[in-house]
>>> print(open('query-v9.csv').read())   # CSV, C-alpha atoms
chain,number,residue,atom,x,y,z
C,220,MET,CA,-5.5,-33.1,21.2
C,221,LYS,CA,-2.9,-30.3,21.5
C,222,GLU,CA,-2.9,-26.6,21.8
C,223,PHE,CA,-1.5,-24.5,18.9
C,224,GLN,CA,-1.1,-20.9,17.9
C,225,GLU,CA,-1.5,-19.6,14.4
C,226,GLY,CA,-1.7,-15.9,13.7
C,227,LYS,CA,-3.5,-14.3,16.6
C,228,ALA,CA,-5.5,-17.4,17.4
C,229,VAL,CA,-4.8,-20.0,20.2
C,230,PHE,CA,-6.7,-23.2,19.6
C,231,ARG,CA,-6.9,-26.9,20.3
C,232,ALA,CA,-6.9,-29.6,17.5
C,233,ASN,CA,-5.5,-32.9,16.4
C,234,LEU,CA,-2.3,-32.4,14.3
C,235,SER,CA,-2.6,-33.9,10.8
C,236,GLY,CA,0.4,-33.6,8.5
C,237,LYS,CA,3.5,-31.6,9.1
C,238,ASP,CA,5.1,-29.1,6.7
C,239,LYS,CA,3.4,-30.1,3.4
C,240,GLY,CA,0.7,-32.1,1.7
C,241,PRO,CA,-3.0,-32.7,2.7
C,242,GLY,CA,-2.3,-34.7,5.8
C,243,LYS,CA,-4.9,-37.3,7.0
C,244,ALA,CA,-8.4,-36.6,8.1
C,245,LYS,CA,-8.7,-37.7,11.7
C,246,GLY,CA,-10.2,-36.2,14.9
C,247,VAL,CA,-10.5,-32.4,14.9
C,248,PHE,CA,-8.4,-31.9,11.8
C,249,TYR,CA,-5.6,-29.3,11.7
C,250,ASN,CA,-3.0,-29.2,8.9
C,251,PRO,CA,-0.2,-26.7,9.5
C,252,ALA,CA,0.7,-27.0,5.8
C,253,MET,CA,-2.4,-24.9,5.2
C,254,LYS,CA,-1.2,-22.0,7.3
C,255,LEU,CA,0.0,-20.0,4.3
C,256,SER,CA,-3.5,-20.5,2.7
C,257,ARG,CA,-5.1,-19.0,5.8
C,258,ASP,CA,-2.5,-16.2,5.9
C,259,LEU,CA,-3.5,-15.4,2.3
C,260,HIS,CA,-7.2,-15.5,3.2
C,261,VAL,CA,-6.7,-13.2,6.1
C,262,ALA,CA,-4.8,-10.7,4.0
C,263,PHE,CA,-7.5,-10.8,1.3
C,264,ALA,CA,-10.2,-10.4,4.0
C,265,GLN,CA,-8.5,-7.3,5.4
C,266,LYS,CA,-8.4,-5.8,1.9
C,267,ILE,CA,-11.9,-6.5,0.6
C,268,ASN,CA,-14.9,-4.5,1.7
C,269,PHE,CA,-17.1,-7.3,3.3
C,270,ASN,CA,-20.2,-6.6,5.4
C,271,GLY,CA,-22.4,-9.3,7.0
C,272,THR,CA,-21.8,-12.8,8.3
C,273,LEU,CA,-19.5,-15.4,6.9
C,274,LEU,CA,-20.0,-19.2,7.4
C,275,ASP,CA,-16.9,-21.4,8.0
C,276,GLY,CA,-18.8,-24.3,6.4
C,277,LEU,CA,-16.5,-27.3,7.2
C,278,ALA,CA,-14.9,-25.8,10.2
C,279,ALA,CA,-13.0,-28.7,11.9
C,280,SER,CA,-11.1,-26.8,14.7
C,281,GLY,CA,-12.5,-23.4,13.5
C,282,ILE,CA,-9.1,-22.0,13.0
C,283,ARG,CA,-9.9,-20.3,9.6
C,284,GLY,CA,-13.0,-18.5,10.9
C,285,ILE,CA,-11.4,-17.6,14.3
C,286,ARG,CA,-8.5,-16.0,12.5
C,287,LEU,CA,-10.8,-14.1,10.2
C,288,ASN,CA,-12.7,-12.8,13.3
C,289,LEU,CA,-9.5,-11.8,15.2
C,290,GLU,CA,-7.4,-10.5,12.3
C,291,ALA,CA,-10.0,-9.1,9.8
C,292,ASN,CA,-12.9,-8.3,12.2
C,293,TYR,CA,-15.3,-10.6,10.4
C,294,LYS,CA,-18.4,-11.9,12.0
C,295,VAL,CA,-18.2,-15.7,11.5
C,296,GLU,CA,-20.4,-18.6,12.3
C,297,PHE,CA,-19.2,-22.2,12.2
C,298,CYS,CA,-20.6,-25.6,11.0
C,299,ASP,CA,-19.3,-29.2,11.2
C,300,THR,CA,-20.9,-32.6,11.1
C,301,SER,CA,-18.6,-33.9,13.9
C,302,SER,CA,-19.9,-33.3,17.4
C,303,LEU,CA,-16.3,-33.6,18.6
C,304,ALA,CA,-15.4,-30.8,16.2
C,305,THR,CA,-18.2,-28.5,17.2
C,306,GLU,CA,-17.5,-29.0,20.9
C,307,THR,CA,-13.8,-28.2,20.2
C,308,ILE,CA,-14.8,-25.1,18.2
C,309,ALA,CA,-16.9,-23.9,21.2
C,310,THR,CA,-13.8,-24.3,23.4
C,311,ASN,CA,-11.6,-22.5,20.9
C,312,LEU,CA,-14.1,-19.6,20.7
C,313,GLU,CA,-13.9,-19.3,24.5
C,314,LEU,CA,-10.1,-19.4,24.4
C,315,ASN,CA,-10.1,-16.5,22.0
C,316,LYS,CA,-13.0,-14.6,23.7
C,317,ILE,CA,-15.3,-14.8,20.7
C,318,GLU,CA,-19.1,-15.2,20.9
C,319,SER,CA,-20.6,-16.9,17.9
C,320,GLU,CA,-23.0,-19.6,16.6
C,321,VAL,CA,-21.7,-23.2,16.1
C,322,TYR,CA,-23.9,-25.7,14.2
C,323,ASN,CA,-23.5,-29.5,14.5
C,324,LEU,CA,-25.0,-30.7,11.2
C,325,PRO,CA,-24.1,-31.1,7.5
C,326,VAL,CA,-23.5,-27.7,5.9
C,327,GLU,CA,-26.0,-28.6,3.1
C,328,GLU,CA,-28.7,-28.9,5.7
C,329,LEU,CA,-27.8,-25.6,7.4
C,330,LEU,CA,-27.8,-23.8,4.1
C,331,LEU,CA,-31.4,-24.9,3.4
C,332,LYS,CA,-32.4,-23.0,6.5
C,333,LYS,CA,-30.1,-20.0,6.6
C,334,LYS,CA,-28.3,-17.7,4.1
C,335,TYR,CA,-25.0,-15.9,4.5
C,336,ASP,CA,-23.1,-13.0,3.0
C,337,GLY,CA,-20.0,-15.1,2.7
C,338,ILE,CA,-19.4,-18.9,2.7
C,339,ASP,CA,-16.1,-20.6,2.9
C,340,ILE,CA,-15.8,-24.3,1.9
C,341,ASP,CA,-12.4,-25.9,2.7
C,342,PRO,CA,-13.0,-29.7,2.5
C,343,PHE,CA,-10.6,-32.6,2.8
C,344,GLY,CA,-10.5,-33.4,-0.9
C,345,THR,CA,-13.0,-32.3,-3.5
C,346,PRO,CA,-15.4,-29.4,-3.0
C,347,ALA,CA,-17.7,-30.6,-5.8
C,348,PRO,CA,-20.5,-32.0,-3.5
C,349,TYR,CA,-20.8,-28.6,-1.7
C,350,ILE,CA,-20.8,-26.1,-4.5
C,351,GLU,CA,-24.5,-26.2,-5.3
C,352,SER,CA,-25.6,-25.8,-1.6
C,353,ALA,CA,-23.1,-23.0,-1.1
C,354,LEU,CA,-24.5,-21.1,-4.1
C,355,LYS,CA,-28.0,-21.5,-2.8
C,356,GLY,CA,-27.0,-20.4,0.6
C,357,LEU,CA,-25.4,-17.1,-0.5
C,358,ASN,CA,-27.2,-13.7,-0.3
C,359,ASP,CA,-27.1,-11.5,-3.4
C,360,ASN,CA,-23.5,-10.3,-4.1
C,361,GLY,CA,-22.2,-12.8,-1.5
C,362,ILE,CA,-18.7,-14.0,-1.6
C,363,LEU,CA,-17.8,-17.7,-2.0
C,364,GLY,CA,-14.4,-19.1,-1.0
C,365,ILE,CA,-13.5,-22.6,-2.1
C,366,SER,CA,-10.5,-24.8,-1.6
C,367,ALA,CA,-9.8,-27.9,-3.7
C,368,THR,CA,-7.1,-30.5,-2.7
C,369,ASP,CA,-8.1,-33.0,-5.4
C,370,THR,CA,-5.4,-31.6,-7.6
C,371,ALA,CA,-4.6,-34.9,-9.2
C,372,VAL,CA,-8.1,-34.8,-10.6
C,373,LEU,CA,-8.2,-31.1,-11.6
C,374,CYS,CA,-4.7,-31.0,-12.9
C,375,GLY,CA,-4.6,-33.8,-15.4
C,376,ALA,CA,-3.6,-37.0,-13.6
C,377,LYS,CA,-7.1,-38.4,-13.5
C,378,PRO,CA,-9.0,-37.0,-16.5
C,379,SER,CA,-11.9,-39.5,-16.4
C,380,ILE,CA,-12.7,-38.5,-12.8
C,381,CYS,CA,-12.4,-34.8,-13.6
C,382,LEU,CA,-14.9,-35.3,-16.4
C,383,LYS,CA,-17.3,-37.1,-14.1
C,384,ARG,CA,-16.8,-34.8,-11.1
C,385,TYR,CA,-16.5,-31.4,-12.8
C,386,GLY,CA,-17.8,-32.0,-16.4
C,387,ALA,CA,-14.5,-31.0,-18.0
C,388,MET,CA,-11.3,-32.4,-19.5
C,389,SER,CA,-8.2,-31.5,-17.6
C,390,MET,CA,-4.6,-31.1,-18.9
C,391,LYS,CA,-1.2,-32.0,-17.7
C,392,ARG,CA,1.8,-29.7,-18.5
C,393,VAL,CA,3.0,-26.5,-16.9
C,394,ALA,CA,-0.4,-24.9,-17.1
C,395,ALA,CA,-2.2,-27.7,-15.2
C,396,LYS,CA,-2.9,-25.8,-12.0
C,397,GLU,CA,-4.2,-22.7,-13.7
C,398,ILE,CA,-6.4,-24.9,-15.9
C,399,GLY,CA,-7.6,-26.7,-12.8
C,400,ILE,CA,-8.6,-23.4,-11.3
C,401,ARG,CA,-10.5,-22.5,-14.6
C,402,ILE,CA,-12.3,-25.8,-14.6
C,403,LEU,CA,-13.4,-25.3,-11.0
C,404,LEU,CA,-14.6,-21.8,-11.9
C,405,ALA,CA,-16.5,-23.2,-14.9
C,406,ARG,CA,-18.2,-25.7,-12.7
C,407,ILE,CA,-19.3,-22.9,-10.2
C,408,SER,CA,-20.4,-20.8,-13.1
C,409,HIS,CA,-22.4,-23.6,-14.7
C,410,LEU,CA,-24.2,-24.4,-11.4
C,411,ALA,CA,-24.8,-20.7,-10.7
C,412,SER,CA,-26.4,-20.2,-14.2
C,413,LEU,CA,-28.9,-22.9,-13.5
C,414,MET,CA,-30.0,-20.7,-10.5
C,415,GLU,CA,-30.2,-17.6,-12.8
C,416,LYS,CA,-27.0,-16.3,-11.2
C,417,GLY,CA,-23.5,-15.5,-12.4
C,418,ILE,CA,-20.0,-15.3,-10.9
C,419,GLU,CA,-17.2,-12.7,-10.8
C,420,PRO,CA,-13.8,-14.2,-9.9
C,421,LEU,CA,-12.0,-12.0,-7.4
C,422,LEU,CA,-8.8,-13.8,-6.5
C,423,CYS,CA,-7.8,-17.3,-7.6
C,424,TYR,CA,-4.4,-19.1,-7.1
C,425,SER,CA,-2.6,-22.3,-6.3
C,426,GLU,CA,-0.5,-22.7,-3.2
C,427,GLY,CA,1.2,-25.9,-2.0
C,428,HIS,CA,-1.1,-28.8,-2.5
C,429,HIS,CA,-4.4,-27.0,-3.1
C,430,LEU,CA,-6.2,-24.6,-5.4
C,431,ARG,CA,-8.2,-21.7,-4.0
C,432,VAL,CA,-10.9,-19.5,-5.6
C,433,PHE,CA,-12.8,-16.5,-4.3
C,434,VAL,CA,-15.8,-15.4,-6.3
C,435,ARG,CA,-18.6,-12.9,-5.9
C,436,VAL,CA,-22.1,-14.3,-6.9
C,437,ILE,CA,-23.8,-11.7,-9.1
C,438,LYS,CA,-26.8,-11.5,-11.5
C,439,LYS,CA,-26.7,-14.0,-14.4
C,440,ASN,CA,-24.5,-12.9,-17.2
C,441,ASP,CA,-23.6,-14.2,-20.7
C,442,THR,CA,-20.4,-16.0,-19.8
C,443,ILE,CA,-19.4,-18.5,-22.5
C,444,LEU,CA,-17.1,-21.4,-21.4
C,445,LYS,CA,-14.4,-22.4,-23.9
C,446,TRP,CA,-11.5,-24.8,-24.4
C,447,ILE,CA,-7.7,-24.3,-24.4
C,448,THR,CA,-5.3,-26.3,-26.6
C,449,PRO,CA,-1.8,-27.5,-25.5
C,450,GLN,CA,-0.4,-24.5,-27.4
C,451,MET,CA,-2.5,-22.2,-25.1
C,452,GLU,CA,-4.9,-21.2,-27.8
C,453,ILE,CA,-8.5,-20.5,-26.8
C,454,ILE,CA,-11.0,-22.3,-29.0
C,455,ASP,CA,-14.8,-22.3,-29.1
C,456,GLN,CA,-15.3,-26.0,-29.7
C,457,GLU,CA,-13.9,-29.1,-28.1
C,458,GLU,CA,-11.0,-30.9,-29.9
C,459,LYS,CA,-8.6,-33.7,-29.1
C,460,GLY,CA,-6.0,-32.7,-26.5
C,461,ALA,CA,-7.8,-29.6,-25.5
C,462,ALA,CA,-8.9,-28.9,-21.9
C,463,GLY,CA,-12.3,-27.6,-21.0
C,464,PRO,CA,-14.9,-26.3,-21.0
C,465,LEU,CA,-13.3,-23.8,-18.7
C,466,TRP,CA,-13.5,-20.2,-17.6
C,467,THR,CA,-11.4,-18.0,-19.9
C,468,GLY,CA,-12.0,-14.6,-18.4
C,469,LYS,CA,-9.9,-12.9,-15.7
C,470,ILE,CA,-9.3,-14.8,-12.5
C,471,ILE,CA,-7.4,-12.1,-10.5
C,472,GLN,CA,-8.6,-8.6,-9.9
C,473,LYS,CA,-5.5,-6.5,-9.5
C,474,LYS,CA,-7.2,-3.8,-7.4
C,475,ILE,CA,-8.0,-6.2,-4.6
C,476,ILE,CA,-4.6,-7.9,-4.3
C,477,PRO,CA,-3.4,-7.2,-0.8
C,478,GLU,CA,-0.1,-5.6,0.1
C,479,SER,CA,2.1,-7.3,2.7
C,480,SER,CA,5.3,-6.6,4.6
C,481,ASP,CA,5.9,-10.3,5.0
C,482,ASP,CA,8.5,-11.4,2.5
C,483,LEU,CA,6.8,-14.6,1.4
C,484,LEU,CA,3.3,-13.1,1.2
C,485,GLY,CA,4.7,-10.0,-0.5
C,486,ARG,CA,6.4,-11.9,-3.2
C,487,PHE,CA,3.3,-14.1,-3.8
C,488,PHE,CA,1.1,-11.0,-4.1
C,489,ASP,CA,3.6,-9.3,-6.4
C,490,THR,CA,3.5,-12.2,-8.8
C,491,LEU,CA,-0.3,-12.3,-8.7
C,492,ARG,CA,-0.3,-8.6,-9.5
C,493,GLU,CA,2.1,-9.2,-12.4
C,494,GLU,CA,0.0,-11.9,-14.1
C,495,ALA,CA,-3.4,-10.5,-13.4
C,496,ASP,CA,-3.9,-8.9,-16.8
C,497,GLY,CA,-2.4,-11.8,-18.8
C,498,PRO,CA,-4.1,-14.2,-21.1
C,499,PRO,CA,-5.2,-17.7,-20.0
C,500,GLY,CA,-2.6,-20.4,-19.9
C,501,LEU,CA,1.2,-20.7,-19.4
C,502,HIS,CA,4.2,-21.6,-21.7
C,503,ASP,CA,6.9,-23.9,-20.4
C,504,ILE,CA,10.3,-22.1,-20.4
C,505,ASN,CA,12.0,-25.4,-21.2
C,506,ASP,CA,9.7,-26.0,-24.2
C,507,MET,CA,10.3,-22.4,-25.3
C,508,ALA,CA,14.1,-22.9,-25.2
C,509,ARG,CA,13.8,-26.2,-27.1
C,510,GLU,CA,11.6,-24.7,-29.8
C,511,SER,CA,13.8,-21.6,-30.3
C,512,GLY,CA,17.0,-23.7,-30.5
C,513,THR,CA,18.8,-21.8,-27.8
C,514,GLY,CA,20.0,-24.9,-26.0
C,515,GLN,CA,20.3,-24.1,-22.3
C,516,THR,CA,17.1,-22.5,-20.8
C,517,PRO,CA,17.6,-18.9,-19.7
C,518,ARG,CA,16.2,-17.8,-16.4
C,519,ARG,CA,12.5,-17.1,-16.4
C,520,VAL,CA,13.0,-13.5,-15.4
C,521,LYS,CA,15.2,-12.9,-18.4
C,522,ILE,CA,12.7,-14.5,-20.7
C,523,VAL,CA,9.9,-12.3,-19.3
C,524,LYS,CA,12.0,-9.2,-19.7
C,525,SER,CA,12.9,-10.1,-23.3
C,526,ILE,CA,9.3,-10.6,-24.3
C,527,GLN,CA,8.3,-7.3,-22.7
C,528,ASN,CA,11.1,-5.5,-24.5
C,529,LEU,CA,9.6,-6.8,-27.8
C,530,GLY,CA,6.3,-5.1,-26.9
C,531,TYR,CA,4.2,-8.0,-25.6
C,532,PHE,CA,2.7,-8.9,-22.3
C,533,ALA,CA,4.7,-11.3,-20.2
C,534,SER,CA,4.9,-12.3,-16.6
C,535,SER,CA,5.9,-15.1,-14.2
C,536,SER,CA,3.1,-17.0,-12.5
C,537,VAL,CA,2.1,-18.4,-9.1
C,538,PHE,CA,0.8,-21.5,-10.9
C,539,SER,CA,4.2,-22.9,-11.9
C,540,PRO,CA,7.9,-21.9,-11.4
C,541,LEU,CA,8.5,-23.0,-15.0
C,542,GLY,CA,5.6,-21.0,-16.5
C,543,VAL,CA,5.5,-17.8,-18.5
C,544,LYS,CA,2.2,-16.0,-19.1
C,545,THR,CA,2.3,-14.1,-22.4
C,546,ASN,CA,0.3,-13.1,-25.5
C,547,ALA,CA,3.4,-13.2,-27.7
C,548,PRO,CA,3.1,-15.4,-30.8
C,549,LYS,CA,5.6,-18.3,-31.3
C,550,LYS,CA,7.8,-16.2,-33.6
C,551,ILE,CA,8.2,-13.5,-30.9
C,552,ARG,CA,8.7,-16.0,-28.2
C,553,ASN,CA,11.6,-17.6,-30.2
C,554,GLU,CA,13.1,-14.2,-30.7
C,555,ALA,CA,12.8,-13.4,-27.0
C,556,LEU,CA,14.6,-16.6,-26.1
C,557,GLN,CA,17.5,-15.5,-28.3
C,558,LEU,CA,17.6,-12.1,-26.7
C,559,ALA,CA,17.4,-13.6,-23.2
C,560,GLN,CA,20.6,-15.6,-23.8
C,561,SER,CA,22.5,-12.3,-24.1
C,562,LEU,CA,21.0,-10.6,-20.9
>>> encode(input="query-v9.csv", output="structure tokens")
Amino acid sequence: MKEFQEGKAVFRANLSGKDKGPGKAKGVFYNPAMKLSRDLHVAFAQKINFNGTLLDGLAASGIRGIRLNLEANYKVEFCDTSSLATETIATNLELNKIESEVYNLPVEELLLKKKYDGIDIDPFGTPAPYIESALKGLNDNGILGISATDTAVLCGAKPSICLKRYGAMSMKRVAAKEIGIRILLARISHLASLMEKGIEPLLCYSEGHHLRVFVRVIKKNDTILKWITPQMEIIDQEEKGAAGPLWTGKIIQKKIIPESSDDLLGRFFDTLREEADGPPGLHDINDMARESGTGQTPRRVKIVKSIQNLGYFASSSVFSPLGVKTNAPKKIRNEALQLAQSL
């Protein structure tokens, strides 16, 4: 076990992975590839008005919760099934001069006994087994944060497993990650509705090898889950090739997107802000160029600008470097590609 520093936190953990990917679950798990994810979480936590106690539900080294305490002034408690992990968390809390509760038991068991105002679930792999317990363990208007690294399942590579695990058909193509997010939201919404609750997505995105959603749990509403075709058309009934059922409402609230002086975070948040009011789904710029007969694909920024100049919504997206989010019909998209060639 080594000592690391991330943000304002100094902590001990077992290194797993290097610069990218999910790493391997071993010892007191710490994956430096998830640093940006935690940077994003801290920035979001600093922006949103949160009161109460948050549970770091699968805490490992405790780095996420410790950073939220040090950098966003959150009151955080910690839970992990590994006694080695909880002992290490206790040490890491001492290193950072934090007093808190640390629970050595399955998070599902803890949430049968205690409720929280915020719960964060960051598992190694799928979050599916934890969603129901987390919803039950939240106080009214509580905030649930969930990471999913089973992107092969949610993003179209393993559709049969996605159907079994999340009750939905996934889709490949450029919109795969956004559709994966919407499938995860649909699953959370469905389980919440069985408890006479609803959800309000706050901030949802993909970064690196994982998907991440933050939702507020609210009173039950009349959310209707739908499907999306490969042409990015929302439909009410399932049909061949369509993905769903999925969440088709907004997944990013522009008013709570953080500001940042950090170049990387700043660009990420700027893109989130640009696409927040767009429709579900993404169009592939290479497909758009092929369909319009323009030959070489113009730069995405030129395509976006051309669509906007024709009076329609268009933006880039954090979900794919090849994706354009737009409500423009095919005829307008083709016209925009021709215009983009001359910019």
>>> atom_distance(input="query-v9.csv", atom1="CA of Gln450 in chain C", atom2="CA of Pro420 in chain C")
24.3 Å
>>> residues_around(input="query-v9.csv", residues="range 436-445 of chain C", least_positions_apart="5", cutoff="8 Å", atoms="only C-alpha atoms", output="list of chain:residue names")
C:Leu354, C:Leu357, C:Asp359, C:Asn360, C:Gly361, C:Ile362, C:Leu363, C:Ala405, C:Ala411, C:Ser412, C:Glu415, C:Lys416, C:Gly417, C:Ile418, C:Glu419, C:Ile453, C:Ile454, C:Asp455, C:Gln456, C:Glu457, C:Gly463, C:Pro464, C:Leu465, C:Trp466, C:Thr467
>>> atom_distance(input="query-v9.csv", atom1="CA of Ala304 in chain C", atom2="CA of Glu222 in chain C")
14.3 Å
>>> closest_residue(input="query-v9.csv", among="C:Val434, C:Ala559, C:Ala462, C:Val372", to="Met390 in chain C", atoms="all atoms listed in the file")
C:Ala462
>>> atom_distance(input="query-v9.csv", atom1="CA of Leu421 in chain C", atom2="CA of Ile267 in chain C")
9.7 Å
>>> residues_around(input="query-v9.csv", residues="Gly542 in chain C", least_positions_apart="4", cutoff="7 Å", atoms="all atoms listed in the file", output="VMD selection string")
chain C and resid 393 501 to 504 535 to 536
>>> write_last_selection(input="query-v9.csv", atoms="C-alpha atoms", output="mmCIF file, keeping the file's coordinate frame")
data_model
loop_
_atom_site.group_PDB
_atom_site.id
_atom_site.type_symbol
_atom_site.label_atom_id
_atom_site.label_comp_id
_atom_site.auth_asym_id
_atom_site.auth_seq_id
_atom_site.Cartn_x
_atom_site.Cartn_y
_atom_site.Cartn_z
ATOM 1 C CA VAL C 393 3.000 -26.500 -16.900
ATOM 2 C CA LEU C 501 1.200 -20.700 -19.400
ATOM 3 C CA HIS C 502 4.200 -21.600 -21.700
ATOM 4 C CA ASP C 503 6.900 -23.900 -20.400
ATOM 5 C CA ILE C 504 10.300 -22.100 -20.400
ATOM 6 C CA SER C 535 5.900 -15.100 -14.200
ATOM 7 C CA SER C 536 3.100 -17.000 -12.500
#
>>> closest_residue(input="query-v9.csv", among="C:Tyr385, C:Phe248, C:Phe433, C:Phe538", to="Ile338 in chain C", atoms="all atoms listed in the file")
C:Phe433
>>> closest_residue(input="query-v9.csv", among="C:Asn505, C:Ser256, C:Asn528, C:Gln515", to="Arg431 in chain C", atoms="only C-alpha atoms")
C:Ser256
>>> residues_around(input="query-v9.csv", residues="range 475-485 of chain C", least_positions_apart="3", cutoff="10 Å", atoms="only C-alpha atoms", output="list of chain:residue names")
C:Leu255, C:Asp258, C:Leu259, C:His260, C:Val261, C:Ala262, C:Phe263, C:Ala264, C:Gln265, C:Lys266, C:Ile267, C:Asn268, C:Leu421, C:Leu422, C:Ile471, C:Gln472, C:Phe488, C:Asp489, C:Thr490, C:Leu491, C:Arg492, C:Ala495
>>> write_last_selection(input="query-v9.csv", atoms="C-alpha atoms", output="PDB file, in the coordinates of the input")
ATOM      1  CA  LEU C 255       0.000 -20.000   4.300  1.00  0.00           C
ATOM      2  CA  ASP C 258      -2.500 -16.200   5.900  1.00  0.00           C
ATOM      3  CA  LEU C 259      -3.500 -15.400   2.300  1.00  0.00           C
ATOM      4  CA  HIS C 260      -7.200 -15.500   3.200  1.00  0.00           C
ATOM      5  CA  VAL C 261      -6.700 -13.200   6.100  1.00  0.00           C
ATOM      6  CA  ALA C 262      -4.800 -10.700   4.000  1.00  0.00           C
ATOM      7  CA  PHE C 263      -7.500 -10.800   1.300  1.00  0.00           C
ATOM      8  CA  ALA C 264     -10.200 -10.400   4.000  1.00  0.00           C
ATOM      9  CA  GLN C 265      -8.500  -7.300   5.400  1.00  0.00           C
ATOM     10  CA  LYS C 266      -8.400  -5.800   1.900  1.00  0.00           C
ATOM     11  CA  ILE C 267     -11.900  -6.500   0.600  1.00  0.00           C
ATOM     12  CA  ASN C 268     -14.900  -4.500   1.700  1.00  0.00           C
ATOM     13  CA  LEU C 421     -12.000 -12.000  -7.400  1.00  0.00           C
ATOM     14  CA  LEU C 422      -8.800 -13.800  -6.500  1.00  0.00           C
ATOM     15  CA  ILE C 471      -7.400 -12.100 -10.500  1.00  0.00           C
ATOM     16  CA  GLN C 472      -8.600  -8.600  -9.900  1.00  0.00           C
ATOM     17  CA  PHE C 488       1.100 -11.000  -4.100  1.00  0.00           C
ATOM     18  CA  ASP C 489       3.600  -9.300  -6.400  1.00  0.00           C
ATOM     19  CA  THR C 490       3.500 -12.200  -8.800  1.00  0.00           C
ATOM     20  CA  LEU C 491      -0.300 -12.300  -8.700  1.00  0.00           C
ATOM     21  CA  ARG C 492      -0.300  -8.600  -9.500  1.00  0.00           C
ATOM     22  CA  ALA C 495      -3.400 -10.500 -13.400  1.00  0.00           C
TER      23      ALA C 495
END
>>> closest_residue(input="query-v9.csv", among="C:Ala394, C:Thr300, C:Gly399, C:Gly276", to="Ser352 in chain C", atoms="all atoms listed in the file")
C:Gly276
>>> closest_residue(input="query-v9.csv", among="C:Ser301, C:Gln560, C:Thr368, C:Ser389", to="Pro342 in chain C", atoms="all atoms listed in the file")
C:Thr368
>>> closest_residue(input="query-v9.csv", among="C:Leu312, C:Val537, C:Leu274, C:Ala228", to="Lys254 in chain C", atoms="only C-alpha atoms")
C:Ala228
>>> residues_near_point(input="query-v9.csv", point="(0.7, -8.6, -19.3)", cutoff="6 Å", atoms="all atoms listed in the file", output="list in words")
Asp496, Gly497, Phe532 and Ala533 of chain C
>>> decode(input="query-v9.csv", residues="range 346-388 of chain C", atoms="C-alpha atoms", output="CSV table (one decimal), in the first residue's frame")
chain,number,residue,atom,x,y,z
C,346,PRO,CA,-24.4,-0.4,-10.2
C,347,ALA,CA,-27.5,-2.4,-10.9
C,348,PRO,CA,-27.5,-4.5,-7.7
C,349,TYR,CA,-27.3,-1.3,-5.5
C,350,ILE,CA,-29.9,1.0,-7.1
C,351,GLU,CA,-33.0,-0.3,-5.2
C,352,SER,CA,-31.2,-0.1,-1.8
C,353,ALA,CA,-29.9,3.3,-2.5
C,354,LEU,CA,-33.3,4.6,-3.4
C,355,LYS,CA,-34.8,3.2,-0.2
C,356,GLY,CA,-32.0,4.7,1.8
C,357,LEU,CA,-32.5,8.3,0.6
C,358,ASN,CA,-34.4,10.9,2.5
C,359,ASP,CA,-37.0,12.9,0.6
C,360,ASN,CA,-35.4,15.2,-2.0
C,361,GLY,CA,-32.1,13.3,-1.5
C,362,ILE,CA,-29.4,13.2,-4.2
C,363,LEU,CA,-28.2,9.9,-5.6
C,364,GLY,CA,-24.9,9.8,-7.5
C,365,ILE,CA,-24.1,6.6,-9.5
C,366,SER,CA,-21.2,5.5,-11.7
C,367,ALA,CA,-21.4,2.7,-14.2
C,368,THR,CA,-18.3,1.1,-15.7
C,369,ASP,CA,-20.2,-1.7,-17.4
C,370,THR,CA,-20.2,0.4,-20.6
C,371,ALA,CA,-20.0,-2.6,-22.9
C,372,VAL,CA,-23.4,-3.6,-21.6
C,373,LEU,CA,-25.0,-0.2,-21.5
C,374,CYS,CA,-23.5,1.0,-24.8
C,375,GLY,CA,-24.5,-1.8,-27.2
C,376,ALA,CA,-21.8,-4.4,-27.2
C,377,LYS,CA,-23.7,-6.9,-25.0
C,378,PRO,CA,-27.5,-6.2,-25.7
C,379,SER,CA,-28.8,-9.5,-24.1
C,380,ILE,CA,-27.0,-8.7,-20.8
C,381,CYS,CA,-28.3,-5.1,-20.9
C,382,LEU,CA,-31.9,-6.4,-21.3
C,383,LYS,CA,-31.4,-8.8,-18.4
C,384,ARG,CA,-29.6,-6.3,-16.2
C,385,TYR,CA,-31.4,-3.0,-17.0
C,386,GLY,CA,-34.6,-4.1,-18.7
C,387,ALA,CA,-33.7,-2.3,-21.9
C,388,MET,CA,-32.2,-2.7,-25.4
